[in-house]
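Visitor: Sharing a structure, written as structure tokens. Questions coming.
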Amino acid sequence: MSCAISYYLLFVFPGCRLLAVELTSSNTKPVVQEFQSVELSCIIKSTVTPDPRIEWKKIRDGETSYVFFDNKMQGDFATRAEILSRTSLVIKNTTRMDTATYRCEVAAPSDTKTIDEINIQLTVQVKPVTPRCIVPKAIPVGKTASLHCHENEGYPKSTYSWYRNSEPLSPDMRSNAKFQNSSYTLNPTTGTLVFHAVHKGDTGRYSCIATNDAGFAKCEEQEMEVYDLNIGGIVGGVLVVLAVLVLITFGICCAYRRGYFANSKETGESYKAPAKPDGVNYIRTDDEVTNDLHLTSLYVGEAKDC
């Protein structure tokens, strides 16, 4: 039937319906967990074409690829997908990479409107993996402590909750009497727990749980100890170091005065006794004897000073 005849019939007989291919779906936004099967519903609501052409396309990150074309599956879908009830698509063993928009296209040459299409938005949920938790081992009283919890595999993105000694820490610390003395900030989106000024009561075993619509995962408990600063011990240590430095300085001073770091002591000008020639009976002068006595008295005096 031509388009002109169809429009004529519609005008003459208002109750007459144009013959056009039309698609519908029982679920345009299916959600499935990873590794499960899912059906993408595409139903031909009306057509007069006995054998319409069916195509499925996948649209992800702006790129379009064929899923079903020329009556056969394409790519990796060849081993894990099939056509059900003439037009619907069943995907088995879904993965996170299957999250995308799928377009069902039907071409019906015998209809007035020869082509129709419908988009199906598939979401594959992925359970979180064990989050990576970072907890400081020991923190002095009054200092800031930051605890971190994160994982990258879950879809949709995980939210995080912290536990101390197996009891949950509420984002609002005032809601639990056990934590009213604590001063912390908990961000469920980033998984960061910050104690602004820790006290002894914050000591405990900390763990974190990552949760999304597909499930949850927990990291192992880690101990955080809050300790008092030993001010007396710190001061004592400083005094010991100072005492050692004083003793070292005093020892070096005495060594210099005793002449351990010099060949001779200079007093005005260096004195060096002339060498005796071999076989010569050398007689010392009065000046040489006087100089030797003077040097001996200097060394004795310095030894007494040390």
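To be explicit about the labels: the chains of the structure tokens are called A, B, and onward in the order shown, and within each one the residues are counted from 1, while ligands get numbers from 1 in the order they are shown.
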So which residues of region 97-220 of chain A fall under strand (DSSP E or B) by DSSP, listed as number ranges by chain?

Guide: A: 100-107, 113, 115-126, 132-134, 138-140, 145-150, 155, 159-164, 167-168, 184-187, 192-195, 204-212, 215-218

Visitor: Quick one: everything within 12 Å of Glu223 (chain A), counting only C-alpha atoms, minus sequence neighbours fewer than 2 positions away in the same chain. Send it as a list in words.

Guide: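 Everything that qualifies: Cys133, Ile134, Val135, Pro136, Lys137, Ala138, Ile139, Leu147, Tyr163, Arg164, Asn165, Asp202, Thr203, Gly204, Arg205, Tyr206, Ser207, Glu220, Glu221, Glu225 and Val226 of chain A.
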
Visitor: Would you pick out the contacts of Arg103 (chain A) at 10 Å or less, using only C-alpha atoms, so that residues sharing its chain but fewer than 6 positions from it are not included, and give the list as a ChimeraX atom specification?

Guide: /A:40,42,55-59,64,66-67,117-121

Visitor: When you look at Tyr227 (chain A) with a cut-off of 7 Å (counting only C-alpha atoms), what residues show up, excluding the ones that are within fewer than 3 positions of it in the same chain? I need them as a PyMOL selection string.

Guide: chain A and resi 139-141+200

Visitor: Determine, counting only C-alpha atoms, which protein, DNA and RNA residues have an atom within 9 Å of an atom of Ile83 (chain A); residues of the same chain fewer than 4 positions away are not included. Present the result as a list in words.

Guide: Phe68, Met73, Thr87, Ser88, Leu89 and Val90 of chain A

Visitor: Write the residues of the selection above to a file with N, CA and C atoms, as a short mmCIF file (atom, residue, chain, number, x, y, z; two decimals), in the first residue's frame.

Guide:
```
data_model
loop_
_atom_site.label_atom_id
_atom_site.label_comp_id
_atom_site.auth_asym_id
_atom_site.auth_seq_id
_atom_site.Cartn_x
_atom_site.Cartn_y
_atom_site.Cartn_z
N PHE A 68 24.61 -7.47 17.18
CA PHE A 68 23.93 -8.44 16.30
C PHE A 68 23.73 -7.78 14.94
N MET A 73 25.71 -12.92 15.81
CA MET A 73 26.36 -12.13 16.86
C MET A 73 27.76 -11.72 16.42
N THR A 87 13.40 -10.70 18.66
CA THR A 87 14.07 -9.40 18.68
C THR A 87 14.84 -9.10 19.97
N SER A 88 14.48 -9.71 21.09
CA SER A 88 15.15 -9.39 22.36
C SER A 88 16.55 -9.99 22.38
N LEU A 89 17.44 -9.34 23.16
CA LEU A 89 18.84 -9.76 23.25
C LEU A 89 19.12 -10.27 24.67
N VAL A 90 19.70 -11.47 24.77
CA VAL A 90 20.10 -12.03 26.06
C VAL A 90 21.62 -12.09 26.12
#
```

Visitor: I want to know what sits within 6 Å of region 45-49 of chain A, based on only C-alpha atoms, with residues of the same chain fewer than 4 positions away left out; could you give that as a short mmCIF file (atom, residue, chain, number, x, y, z; two decimals) with C-alpha atoms, in the first residue's frame?

Guide:
```cif
data_model
loop_
_atom_site.label_atom_id
_atom_site.label_comp_id
_atom_site.auth_asym_id
_atom_site.auth_seq_id
_atom_site.Cartn_x
_atom_site.Cartn_y
_atom_site.Cartn_z
CA ALA A 20 4.09 1.44 10.64
CA VAL A 21 6.69 -0.63 12.47
CA GLU A 22 6.64 0.27 16.17
CA LEU A 23 8.85 -0.99 19.02
CA ALA A 108 10.35 -3.19 7.97
CA SER A 110 6.59 -3.19 3.80
CA ASP A 111 5.44 -0.70 6.44
#
```

Visitor: Rounded to one decimal, what separation in Å do you get between CA of Glu151 (chain A) and CA of Leu122 (chain A)?

Guide: 23.1 Å

Visitor: Could you list, as a list in words, every residue within 9 Å of region 33-38 of chain A, counting only C-alpha atoms and ignoring same-chain residues fewer than 3 positions away?

Guide: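 Contacts, with the query itself left out: Pro30, Leu89, Val90, Ile91, Lys92, Asn93, Thr94, Thr95, Arg96, Leu122, Thr123, Val124, Gln125, Val126, Lys127 and Ala214 of chain A.
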
Visitor: For N, CA, C and O atoms, I'd like the residues from the last selection saved as a PDB file, in the first residue's frame.

Guide:
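Produced file part22.pdb, reproduced below:
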```pdb
ATOM      1  N   PRO A  30      17.475  -1.986  32.558  1.00  0.00           N
ATOM      2  CA  PRO A  30      17.751  -3.184  33.380  1.00  0.00           C
ATOM      3  C   PRO A  30      19.041  -3.023  34.178  1.00  0.00           C
ATOM      4  O   PRO A  30      19.993  -2.371  33.740  1.00  0.00           O
ATOM      5  N   LEU A  89      17.438  -9.339  23.161  1.00  0.00           N
ATOM      6  CA  LEU A  89      18.835  -9.762  23.253  1.00  0.00           C
ATOM      7  C   LEU A  89      19.121 -10.267  24.666  1.00  0.00           C
ATOM      8  O   LEU A  89      18.830  -9.574  25.647  1.00  0.00           O
ATOM      9  N   VAL A  90      19.701 -11.470  24.774  1.00  0.00           N
ATOM     10  CA  VAL A  90      20.098 -12.034  26.061  1.00  0.00           C
ATOM     11  C   VAL A  90      21.623 -12.086  26.120  1.00  0.00           C
ATOM     12  O   VAL A  90      22.264 -12.666  25.243  1.00  0.00           O
ATOM     13  N   ILE A  91      22.199 -11.446  27.157  1.00  0.00           N
ATOM     14  CA  ILE A  91      23.653 -11.458  27.368  1.00  0.00           C
ATOM     15  C   ILE A  91      23.944 -12.307  28.596  1.00  0.00           C
ATOM     16  O   ILE A  91      23.376 -12.092  29.673  1.00  0.00           O
ATOM     17  N   LYS A  92      24.826 -13.293  28.431  1.00  0.00           N
ATOM     18  CA  LYS A  92      25.205 -14.186  29.525  1.00  0.00           C
ATOM     19  C   LYS A  92      26.568 -13.773  30.098  1.00  0.00           C
ATOM     20  O   LYS A  92      27.391 -13.189  29.398  1.00  0.00           O
ATOM     21  N   ASN A  93      26.768 -14.117  31.370  1.00  0.00           N
ATOM     22  CA  ASN A  93      28.059 -13.847  32.017  1.00  0.00           C
ATOM     23  C   ASN A  93      28.492 -12.388  31.823  1.00  0.00           C
ATOM     24  O   ASN A  93      29.573 -12.080  31.314  1.00  0.00           O
ATOM     25  N   THR A  94      27.640 -11.490  32.247  1.00  0.00           N
ATOM     26  CA  THR A  94      27.904 -10.059  32.056  1.00  0.00           C
ATOM     27  C   THR A  94      29.146  -9.607  32.817  1.00  0.00           C
ATOM     28  O   THR A  94      29.488 -10.164  33.871  1.00  0.00           O
ATOM     29  N   THR A  95      29.809  -8.598  32.286  1.00  0.00           N
ATOM     30  CA  THR A  95      30.972  -7.983  32.935  1.00  0.00           C
ATOM     31  C   THR A  95      30.740  -6.486  33.033  1.00  0.00           C
ATOM     32  O   THR A  95      29.797  -5.945  32.439  1.00  0.00           O
ATOM     33  N   ARG A  96      31.628  -5.831  33.769  1.00  0.00           N
ATOM     34  CA  ARG A  96      31.496  -4.381  33.930  1.00  0.00           C
ATOM     35  C   ARG A  96      31.593  -3.648  32.595  1.00  0.00           C
ATOM     36  O   ARG A  96      31.037  -2.559  32.438  1.00  0.00           O
ATOM     37  N   LEU A 122      21.761  -0.475  29.961  1.00  0.00           N
ATOM     38  CA  LEU A 122      22.124  -1.593  30.837  1.00  0.00           C
ATOM     39  C   LEU A 122      23.170  -1.156  31.852  1.00  0.00           C
ATOM     40  O   LEU A 122      24.183  -0.546  31.502  1.00  0.00           O
ATOM     41  N   THR A 123      22.930  -1.508  33.118  1.00  0.00           N
ATOM     42  CA  THR A 123      23.895  -1.252  34.190  1.00  0.00           C
ATOM     43  C   THR A 123      24.309  -2.583  34.809  1.00  0.00           C
ATOM     44  O   THR A 123      23.449  -3.348  35.273  1.00  0.00           O
ATOM     45  N   VAL A 124      25.599  -2.853  34.793  1.00  0.00           N
ATOM     46  CA  VAL A 124      26.146  -4.065  35.424  1.00  0.00           C
ATOM     47  C   VAL A 124      26.805  -3.650  36.732  1.00  0.00           C
ATOM     48  O   VAL A 124      27.787  -2.899  36.742  1.00  0.00           O
ATOM     49  N   GLN A 125      26.257  -4.128  37.839  1.00  0.00           N
ATOM     50  CA  GLN A 125      26.800  -3.785  39.151  1.00  0.00           C
ATOM     51  C   GLN A 125      27.943  -4.729  39.513  1.00  0.00           C
ATOM     52  O   GLN A 125      27.876  -5.926  39.250  1.00  0.00           O
ATOM     53  N   VAL A 126      28.983  -4.152  40.131  1.00  0.00           N
ATOM     54  CA  VAL A 126      30.177  -4.918  40.504  1.00  0.00           C
ATOM     55  C   VAL A 126      30.419  -4.772  42.008  1.00  0.00           C
ATOM     56  O   VAL A 126      30.437  -3.652  42.530  1.00  0.00           O
ATOM     57  N   LYS A 127      30.595  -5.899  42.686  1.00  0.00           N
ATOM     58  CA  LYS A 127      30.843  -5.856  44.127  1.00  0.00           C
ATOM     59  C   LYS A 127      32.183  -5.197  44.430  1.00  0.00           C
ATOM     60  O   LYS A 127      33.128  -5.328  43.656  1.00  0.00           O
ATOM     61  N   ALA A 214      25.787  -3.796  44.947  1.00  0.00           N
ATOM     62  CA  ALA A 214      26.101  -5.183  44.601  1.00  0.00           C
ATOM     63  C   ALA A 214      26.625  -5.984  45.790  1.00  0.00           C
ATOM     64  O   ALA A 214      26.648  -7.216  45.745  1.00  0.00           O
TER      65      ALA A 214
END
```

Visitor: Quick one: pick out all helix (DSSP H, G or I) residues within region 9-238 of chain A from a backbone DSSP run and write them as an mmCIF file with C-alpha atoms, in the first residue's frame.

Guide:
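The result, stored in out05.cif:
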```cif
data_model
loop_
_atom_site.group_PDB
_atom_site.id
_atom_site.type_symbol
_atom_site.label_atom_id
_atom_site.label_comp_id
_atom_site.auth_asym_id
_atom_site.auth_seq_id
_atom_site.Cartn_x
_atom_site.Cartn_y
_atom_site.Cartn_z
ATOM 1 C CA LEU A 9 -7.612 6.118 4.017
ATOM 2 C CA LEU A 10 -6.677 7.955 7.224
ATOM 3 C CA PHE A 11 -8.449 11.073 5.989
ATOM 4 C CA VAL A 12 -11.591 9.274 4.800
ATOM 5 C CA GLY A 75 32.753 -9.895 18.503
ATOM 6 C CA ASP A 76 32.882 -11.447 21.967
ATOM 7 C CA PHE A 77 29.067 -11.603 22.032
ATOM 8 C CA ALA A 78 29.245 -14.547 19.615
ATOM 9 C CA THR A 79 29.925 -16.924 22.551
ATOM 10 C CA ARG A 96 31.496 -4.381 33.930
ATOM 11 C CA MET A 97 32.409 -3.621 30.321
ATOM 12 C CA ASP A 98 28.843 -4.492 29.297
ATOM 13 C CA MET A 173 29.611 11.595 66.662
ATOM 14 C CA ARG A 174 26.933 13.085 68.926
ATOM 15 C CA SER A 175 24.477 10.319 67.975
ATOM 16 C CA ALA A 177 27.258 8.272 73.625
ATOM 17 C CA LYS A 178 30.407 6.125 73.308
ATOM 18 C CA PHE A 179 31.945 8.570 70.864
ATOM 19 C CA LYS A 200 43.347 7.977 75.212
ATOM 20 C CA GLY A 201 39.785 6.803 74.587
ATOM 21 C CA ASP A 202 40.438 6.736 70.824
ATOM 22 C CA ILE A 231 58.015 15.301 78.884
ATOM 23 C CA GLY A 232 60.411 14.365 81.698
ATOM 24 C CA GLY A 233 62.115 11.764 79.547
ATOM 25 C CA ILE A 234 62.517 14.224 76.667
ATOM 26 C CA VAL A 235 64.055 16.880 78.929
ATOM 27 C CA GLY A 236 66.369 14.293 80.517
ATOM 28 C CA GLY A 237 67.534 13.145 77.090
ATOM 29 C CA VAL A 238 68.345 16.707 76.054
#
```

Visitor: Restricting the calculation to only C-alpha atoms, which member of A:Leu229, A:Ala217, A:Leu245, A:Ala107 is positioned closest to Pro50 (chain A)?

Guide: A:Ala107

Visitor: Here is a test: counting only C-alpha atoms, which residue of A:Ser170, A:Asn212, A:Thr144, A:Asn187 is nearest to Val129 (chain A)?

Guide: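 Going through A:Ser170, A:Asn212, A:Thr144, A:Asn187 one by one, the smallest distance to Val129 (chain A) is for A:Asn212.
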